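Chemist: The following block contains the structure, expressed as structure tokens.
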Amino acid sequence: MAVAADATASVTPLREKASRPRVVAAVLVGWLVLFAVLRGRQTLTLAAADLTGLHRWLNDVNDTIGANRNSNPLFLYFFNEIRLAIDQLVTFVQQLISQPVGARPVPQIGWLGVVGITGYASWAVGNWRVALLAVAGFTFFGLQGLWQESMDTLALTLSAVLVALLIGIPLGVWAGLSDRFNRIMTPFLDFMQTMPTFVYLAPLTLIFLIGGASAVITTVIYAAPPAIRITAHAIRSVPETTVEAADSLGTTRGQQLVKVLLPMSRRTVVMGVNQTIMAALAMVTIAALIDAPGLGKTVVQALQSLDVGTAFNAGLAIVVMAIVLDRVTTAAAARTETARRTDARLLRWRRPLLAAGAIGLGFVIYVSHTYLWAAQFPGSGAVGSHIASAADTTTGWLQNHVSGLTNGLRNVLTNGLLNPFQTLLTDSPWWLVGIVLVALALVLGGRWAAVTAAGCVGLLVGTGVWSDSMTTLASTAVATVLVMLLGVVFGVWMGRSALVDRVVRPTLDAAQVMPPFVYLVPFLALFGATRFTAIVAAVVYAAPVAVKIIADGVRNVPATTVEAATSAGCNTWQIITKVQLPMARSALTLATNQGLIYVLSMVVVGGLVGAGALGYDVVAGFSQGQLYGKGLAAGLAIVLLGVMFDRITQAAARRTRA
């Protein structure tokens with residue numbers, strides 16, 4: 001009886017898993033049938049200039065806050081003080097490396113001093129190769145004619161990273177030491193990391209206005225979660241035997257932290273700093289929408305005027321800065337590990353070299369502070385002009401010679417896939433789409449995923465931007481399907497071949513470093529200002545993370561299982577489809593989760609190049625005061641879509657593993 005019961009219990013989950021595709025198919029077929037009958041009814045369509053009661057109320061709230069900002073005690077003694085403190089920090093860093101100071105026509109430290117500091121710091125924490133890369137990269141900014149814009153971006157990034165680390169590392173240590181605090185923080189961190197970057201802008205400008213200080217505050221909120229999460233993970237990863245040994249020696253909790261936990265987790269904490277810097281740089285460029293200075297503003301203005309050459313030149317500078325900052329912090333983490341393993345006597349030779357370098361650096365800083373030629377980058381930025389001209393020429397050539405191919409690809413995917421699915425979503429009654437979403441959440445993720453989906457659907461209706469939300473949902477779903485197709489093809493290829501993995505993975509790592517704005521520029525040249533541009537950019541932006549997750553999942557399939565399938569006479573196609581992909585199902589689900597989140601954030605950013613829908617609503621809210629409330633509601637709708645996607649796919653991943 002016990003054996004029969006166990007067999008029944010083991011068969012039941014298998015039957016449930018096998019029946020899920022049939023239930024999903026039944027739900028979709030029922031949707032299509034009802035769509036044919038009810039098409040065009042209760043679609044909650046809202047014109048671009050129309051506002052709901054919620055939007056007008058949000059406009060009134062914005063006006064009320066603006067009128068009472070300097071009299072309300074909460075603003076007068078709290079929010080305004082925070083903004084003032086951050087503004088002073090930003091101004092200090094800008095005057096140090098980018099903005100004129102008082103009667104000086106140049107900053108306190110000129111270009112030569114900044115390049116010298118960058119090279120010395122890169123060498124001190126990394127190696128001479130990284131130092132050469134950093135010096136070449138920063139010199140390239142000047143040759144592009146973008147020195148001040150680059151330094152403004154760097155100033156905002158450094159200010160935001162400093163504040164984010166001052167907040168994030170202590171909270172991460174606390175979460176690493178306390179299970180209770182870690183349980184409290186985890187849902188907030190999950191929520192913050194699923195929110196697209198656009199979403200942070202509108203509500204924070206309501207409180208802190210626009211400008212550099214608001215950009216830094218927004219960036220701090222966006223960039224702090226990686227520091228908190230990775231620091232907590234680093235503390236928790238220290239072996240328990242090491243902590244027990246420290247306990248046996250009579251150390252206090254503080255001594256354990258300073259002498260044991262932090263030193264042993266230093267490498268992982270430095271990687272957390274790396275992730276914080278990358279997140280900050282991505283957010284600082286997007287914060288150009290709220291009048292943050294720097295390269296992001298140049299890119300935004302160029303995108304809005306469809307000036308591909310200028311956008312490409314500034315986007316290239318952002319890529320170079322991202323690569324330099326990533327390589328420096330990655331090298332710092334590697335040197336931390338090397339220094340821990342290497343005999344101190346072998347490292348002693350670095351001390352006199354560092355001291356001599358510090359003396360030379362001091363001289364370079366003095367020269368850059370004193371002499372105009374070393375303070376103001378020489379030349380007219382001819383390299384940047386040539387780059388922009390070459391980009392414009394290439395764009396013209398592509399549009400004249402490749403437009404048939406690109407337009408054909410765009411039309412096939414748009415007319416064959418995107419438009420029908422968007423029509424299905426936007427022309428179905430809102431309640432029918434809501435029922436379908438809840439049903440799919442129930443089948444794929446379970447009861448709690450369905451409850452979350454129902455709540456998100458209800459709130460989406462309340463935002464008044466249901467139709468735009470469905471348009472964004474259609475673009476996101478289509479782009480995610482394309483991401484998963486690429487992810488499976490390249491992920492399986494990498495997972496089955498170590499050589500391919502070694503060749504392709506560095507490219508994927510580099511692609512993940514680049515901020516979202518950068519991806520729009522080349523596809524704007526290829527496809528023009530259309531929603532298809534945003535979809536293609538979203539696919540390229542999200543594909544690297546999906547490919548790597550799937551590759552790792554395929555590689556983790558036990559070799560003995562593959563060998564058994566081979567010995568049974570299975571060919572390569574059968575091994576992939578019948579063994580490796582089914583056994584990597586949890587990795588596929590996780591890749592879908594991450595792909596959805598990445599795609600959603602990029603599709604929304606595509607509002608700058610004609611993607612429309614929620615992205616356009618958010619951007620219009622910044623530029624047109626009467627649409628501020630609608631933009632804020634659109635930001636909330638983006639959050640709701642992100643939460644719904646994340647909860648459903650995470651629950652599906654857990655059920656898959658079970």
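By order in the structure tokens, chains are A, B, ...; within a chain, residues start at 1; ligands start at 1, following the order shown.
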Excluding A:Ala534 and residues on its chain fewer than 6 positions from it, collect all residues at most 9 Å away from it, counting only C-alpha atoms, and give them as a VMD selection string.

Modeler: chain A and resid 475 519 to 520 523 to 524 602 to 611

Chemist: Only N, CA, C and O atoms, please: the residues just picked out, written as a PDB file, in the first residue's frame.

Modeler:
```pdb
ATOM      1  N   SER A 475       4.337  44.497 -27.206  1.00  0.00           N
ATOM      2  CA  SER A 475       5.737  44.648 -27.622  1.00  0.00           C
ATOM      3  C   SER A 475       6.665  43.835 -26.733  1.00  0.00           C
ATOM      4  O   SER A 475       7.608  43.200 -27.214  1.00  0.00           O
ATOM      5  N   TYR A 519      21.760  51.160 -26.951  1.00  0.00           N
ATOM      6  CA  TYR A 519      21.238  50.181 -27.895  1.00  0.00           C
ATOM      7  C   TYR A 519      20.292  50.802 -28.915  1.00  0.00           C
ATOM      8  O   TYR A 519      20.074  50.244 -29.986  1.00  0.00           O
ATOM      9  N   LEU A 520      19.701  51.936 -28.591  1.00  0.00           N
ATOM     10  CA  LEU A 520      18.743  52.539 -29.505  1.00  0.00           C
ATOM     11  C   LEU A 520      19.407  53.122 -30.741  1.00  0.00           C
ATOM     12  O   LEU A 520      18.814  53.138 -31.823  1.00  0.00           O
ATOM     13  N   PHE A 523      20.066  50.900 -34.076  1.00  0.00           N
ATOM     14  CA  PHE A 523      18.815  50.426 -34.658  1.00  0.00           C
ATOM     15  C   PHE A 523      17.938  51.584 -35.124  1.00  0.00           C
ATOM     16  O   PHE A 523      17.079  51.406 -35.992  1.00  0.00           O
ATOM     17  N   LEU A 524      18.160  52.770 -34.573  1.00  0.00           N
ATOM     18  CA  LEU A 524      17.512  53.959 -35.113  1.00  0.00           C
ATOM     19  C   LEU A 524      18.009  54.206 -36.527  1.00  0.00           C
ATOM     20  O   LEU A 524      17.242  54.582 -37.420  1.00  0.00           O
ATOM     21  N   MET A 602      13.588  48.126 -21.603  1.00  0.00           N
ATOM     22  CA  MET A 602      14.072  48.681 -22.863  1.00  0.00           C
ATOM     23  C   MET A 602      12.941  49.128 -23.761  1.00  0.00           C
ATOM     24  O   MET A 602      13.042  50.156 -24.448  1.00  0.00           O
ATOM     25  N   VAL A 603      11.831  48.383 -23.786  1.00  0.00           N
ATOM     26  CA  VAL A 603      10.675  48.788 -24.589  1.00  0.00           C
ATOM     27  C   VAL A 603      10.149  50.141 -24.123  1.00  0.00           C
ATOM     28  O   VAL A 603       9.742  50.988 -24.928  1.00  0.00           O
ATOM     29  N   VAL A 604      10.183  50.361 -22.826  1.00  0.00           N
ATOM     30  CA  VAL A 604       9.716  51.638 -22.288  1.00  0.00           C
ATOM     31  C   VAL A 604      10.659  52.765 -22.686  1.00  0.00           C
ATOM     32  O   VAL A 604      10.226  53.849 -23.092  1.00  0.00           O
ATOM     33  N   VAL A 605      11.979  52.514 -22.597  1.00  0.00           N
ATOM     34  CA  VAL A 605      12.948  53.522 -23.032  1.00  0.00           C
ATOM     35  C   VAL A 605      12.740  53.851 -24.511  1.00  0.00           C
ATOM     36  O   VAL A 605      12.971  54.975 -24.951  1.00  0.00           O
ATOM     37  N   GLY A 606      12.256  52.857 -25.279  1.00  0.00           N
ATOM     38  CA  GLY A 606      12.003  53.073 -26.697  1.00  0.00           C
ATOM     39  C   GLY A 606      10.955  54.124 -26.982  1.00  0.00           C
ATOM     40  O   GLY A 606      10.761  54.503 -28.145  1.00  0.00           O
ATOM     41  N   GLY A 607      10.276  54.624 -25.964  1.00  0.00           N
ATOM     42  CA  GLY A 607       9.359  55.739 -26.159  1.00  0.00           C
ATOM     43  C   GLY A 607      10.050  56.959 -26.745  1.00  0.00           C
ATOM     44  O   GLY A 607       9.398  57.832 -27.337  1.00  0.00           O
ATOM     45  N   LEU A 608      11.380  57.028 -26.613  1.00  0.00           N
ATOM     46  CA  LEU A 608      12.139  58.144 -27.165  1.00  0.00           C
ATOM     47  C   LEU A 608      12.273  58.060 -28.679  1.00  0.00           C
ATOM     48  O   LEU A 608      12.586  59.058 -29.331  1.00  0.00           O
ATOM     49  N   VAL A 609      12.083  56.866 -29.261  1.00  0.00           N
ATOM     50  CA  VAL A 609      12.288  56.706 -30.698  1.00  0.00           C
ATOM     51  C   VAL A 609      11.037  56.162 -31.379  1.00  0.00           C
ATOM     52  O   VAL A 609      11.120  55.384 -32.322  1.00  0.00           O
ATOM     53  N   GLY A 610       9.883  56.551 -30.882  1.00  0.00           N
ATOM     54  CA  GLY A 610       8.655  56.227 -31.581  1.00  0.00           C
ATOM     55  C   GLY A 610       7.946  54.978 -31.133  1.00  0.00           C
ATOM     56  O   GLY A 610       7.020  54.527 -31.812  1.00  0.00           O
ATOM     57  N   ALA A 611       8.355  54.390 -29.995  1.00  0.00           N
ATOM     58  CA  ALA A 611       7.689  53.166 -29.540  1.00  0.00           C
ATOM     59  C   ALA A 611       6.290  53.442 -29.018  1.00  0.00           C
ATOM     60  O   ALA A 611       5.442  52.551 -28.994  1.00  0.00           O
TER      61      ALA A 611
END
```

Chemist: Give me the residues within 6 Å of stretch 363-380 of chain A as a list in words, counting only C-alpha atoms and dropping any in the same chain fewer than 2 places off.

Modeler: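 Answer for this query is Gln108, Ile109, Gly110, Trp111, Leu112, Gly113, Gly360, Leu361 and Ala382 of chain A.
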
Chemist: Need to verify the contact set: A:Trp431, 10 Å, only C-alpha atoms, exclusion of same-chain residues closer than 4 positions in sequence. Can you return it as a ChimeraX atom specification?

Modeler: /A:42-43,435-437,457-458,461

Chemist: Residues near A:His386, anyone? I mean within 10 Å using only C-alpha atoms, not counting same-chain ones fewer than 5 positions away, as a ChimeraX atom specification.

Modeler: /A:144,309,313,381,391-392

Chemist: Would you write out those residues with N, CA and C atoms, as a PDB file, in the first residue's frame?

Modeler:
```pdb
ATOM      1  N   GLN A 144      36.960  63.253 -28.661  1.00  0.00           N
ATOM      2  CA  GLN A 144      35.600  63.288 -29.207  1.00  0.00           C
ATOM      3  C   GLN A 144      34.957  64.667 -29.102  1.00  0.00           C
ATOM      4  N   GLY A 309      24.267  60.657 -35.956  1.00  0.00           N
ATOM      5  CA  GLY A 309      25.702  60.862 -35.792  1.00  0.00           C
ATOM      6  C   GLY A 309      26.059  61.359 -34.410  1.00  0.00           C
ATOM      7  N   ASN A 313      28.095  59.265 -31.461  1.00  0.00           N
ATOM      8  CA  ASN A 313      29.332  59.752 -30.848  1.00  0.00           C
ATOM      9  C   ASN A 313      29.216  59.778 -29.326  1.00  0.00           C
ATOM     10  N   GLY A 381      37.927  68.680 -30.930  1.00  0.00           N
ATOM     11  CA  GLY A 381      37.111  67.469 -30.965  1.00  0.00           C
ATOM     12  C   GLY A 381      36.894  66.952 -32.365  1.00  0.00           C
ATOM     13  N   ALA A 391      29.111  58.088 -38.918  1.00  0.00           N
ATOM     14  CA  ALA A 391      27.847  57.460 -38.529  1.00  0.00           C
ATOM     15  C   ALA A 391      26.700  57.944 -39.411  1.00  0.00           C
ATOM     16  N   ASP A 392      26.676  59.251 -39.713  1.00  0.00           N
ATOM     17  CA  ASP A 392      25.632  59.778 -40.594  1.00  0.00           C
ATOM     18  C   ASP A 392      25.759  59.205 -42.003  1.00  0.00           C
TER      19      ASP A 392
END
```

Chemist: I'd like the contact shell of stretch 561-576 of chain A - 12 Å cut-off, only C-alpha atoms, skipping same-chain residues fewer than 2 positions apart - returned as a list in words.

Modeler: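 In the requested format, the answer is Val488, Val489, Gly491, Val492, Trp493, Gly495, Arg496, Val554, Arg555, Asn556, Val557, Pro558, Ala559, Lys578, Val579, Gln580, Leu581, Pro582, Met583 and Ala584 of chain A.
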
Chemist: When you draw a straight line from atom CA of A:Arg585 to atom CA of A:Asp509, how long is it in Å?

Modeler: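 That distance, rounded to one decimal, is 23.2 Å.
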
Chemist: Do you know which residues are at most 12 Å from A:Val37 counting only C-alpha atoms, after dropping those on the same chain fewer than 6 positions away, and could you put them as a list in words?

Modeler: Gly30, Trp31, Asp427, Ser428, Pro429 and Leu432 of chain A

Chemist: Considering only C-alpha atoms, return as a list in words whatever protein or nucleic-acid residues lie within 12 Å of A:Ala331, sequence-local ones (same chain, fewer than 5 positions apart) excluded.

Modeler: Ala121, Ser122, Trp123, Ala124, Val125, Gly126, Asn127, Trp128, Arg129, Val130, Ala131, Leu133, Ala134, Arg267, Val270, Met271, Asn274, Ile323, Val324, Leu325, Asp326, Thr336, Glu337, Thr338 and Ala339 of chain A

Chemist: Keeping only C-alpha atoms, write the selected residues as a compact mmCIF listing (two decimals), in the first residue's frame.

Modeler:
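Listed below is the output, selection.txt:
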```txt
# COMPACT_ATOMS: atom_id res chain seq x y z
CA ALA A 121 44.02 54.62 -9.38
CA SER A 122 43.53 51.96 -12.05
CA TRP A 123 47.12 50.82 -11.67
CA ALA A 124 46.95 50.86 -7.86
CA VAL A 125 43.81 48.71 -7.63
CA GLY A 126 44.38 46.73 -10.83
CA ASN A 127 47.38 46.45 -13.13
CA TRP A 128 49.21 48.37 -15.83
CA ARG A 129 46.99 47.01 -18.62
CA VAL A 130 43.86 48.35 -16.94
CA ALA A 131 45.65 51.64 -16.32
CA LEU A 133 42.86 51.21 -20.92
CA ALA A 134 41.61 53.84 -18.47
CA ARG A 267 36.33 40.26 -3.14
CA VAL A 270 34.13 44.74 -4.51
CA MET A 271 32.05 42.96 -7.16
CA ASN A 274 31.14 47.02 -9.63
CA ILE A 323 33.97 49.53 -20.13
CA VAL A 324 36.64 51.48 -18.24
CA LEU A 325 34.69 51.55 -14.96
CA ASP A 326 33.82 47.87 -15.31
CA THR A 336 41.94 41.52 -3.87
CA GLU A 337 41.90 37.76 -4.44
CA THR A 338 45.53 37.75 -5.66
CA ALA A 339 46.75 39.81 -2.71
```

Chemist: I'd like to know which of A:His233, A:Thr310, A:Phe198, A:Leu209 is closest to A:Gly176, using only C-alpha atoms.

Modeler: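 Smallest separation from A:Gly176 among the options: A:His233.
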
Chemist: Please report the interatomic distance between atom CA of A:Val465 and atom CA of A:Ala634 in Å with one decimal.

Modeler: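 Atom CA of A:Val465 sits 6.5 Å away from atom CA of A:Ala634.
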
Chemist: Using only C-alpha atoms, find each residue of stretch 145-245 of chain A with at least one atom at most 10 Å away from an atom of stretch 297-304 of chain A; report its shortest atom-to-atom pair and that distance in Å (one decimal), sort the rows by chain and rising residue number, and return the result as JSON lines.

Modeler:
```
{"residue": "A:Leu146", "atom": "CA", "partner": "A:Thr298", "partner_atom": "CA", "distance": 9.5}
{"residue": "A:Glu149", "atom": "CA", "partner": "A:Thr298", "partner_atom": "CA", "distance": 8.1}
{"residue": "A:Thr153", "atom": "CA", "partner": "A:Lys297", "partner_atom": "CA", "distance": 9.6}
```

Chemist: Nearest to A:Gly119 among A:Ala213, A:Ala164, A:Ala280, A:Leu354, with distances taken over only C-alpha atoms: which residue is it?

Modeler: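 Among A:Ala213, A:Ala164, A:Ala280, A:Leu354, it is A:Leu354 that comes nearest to A:Gly119.
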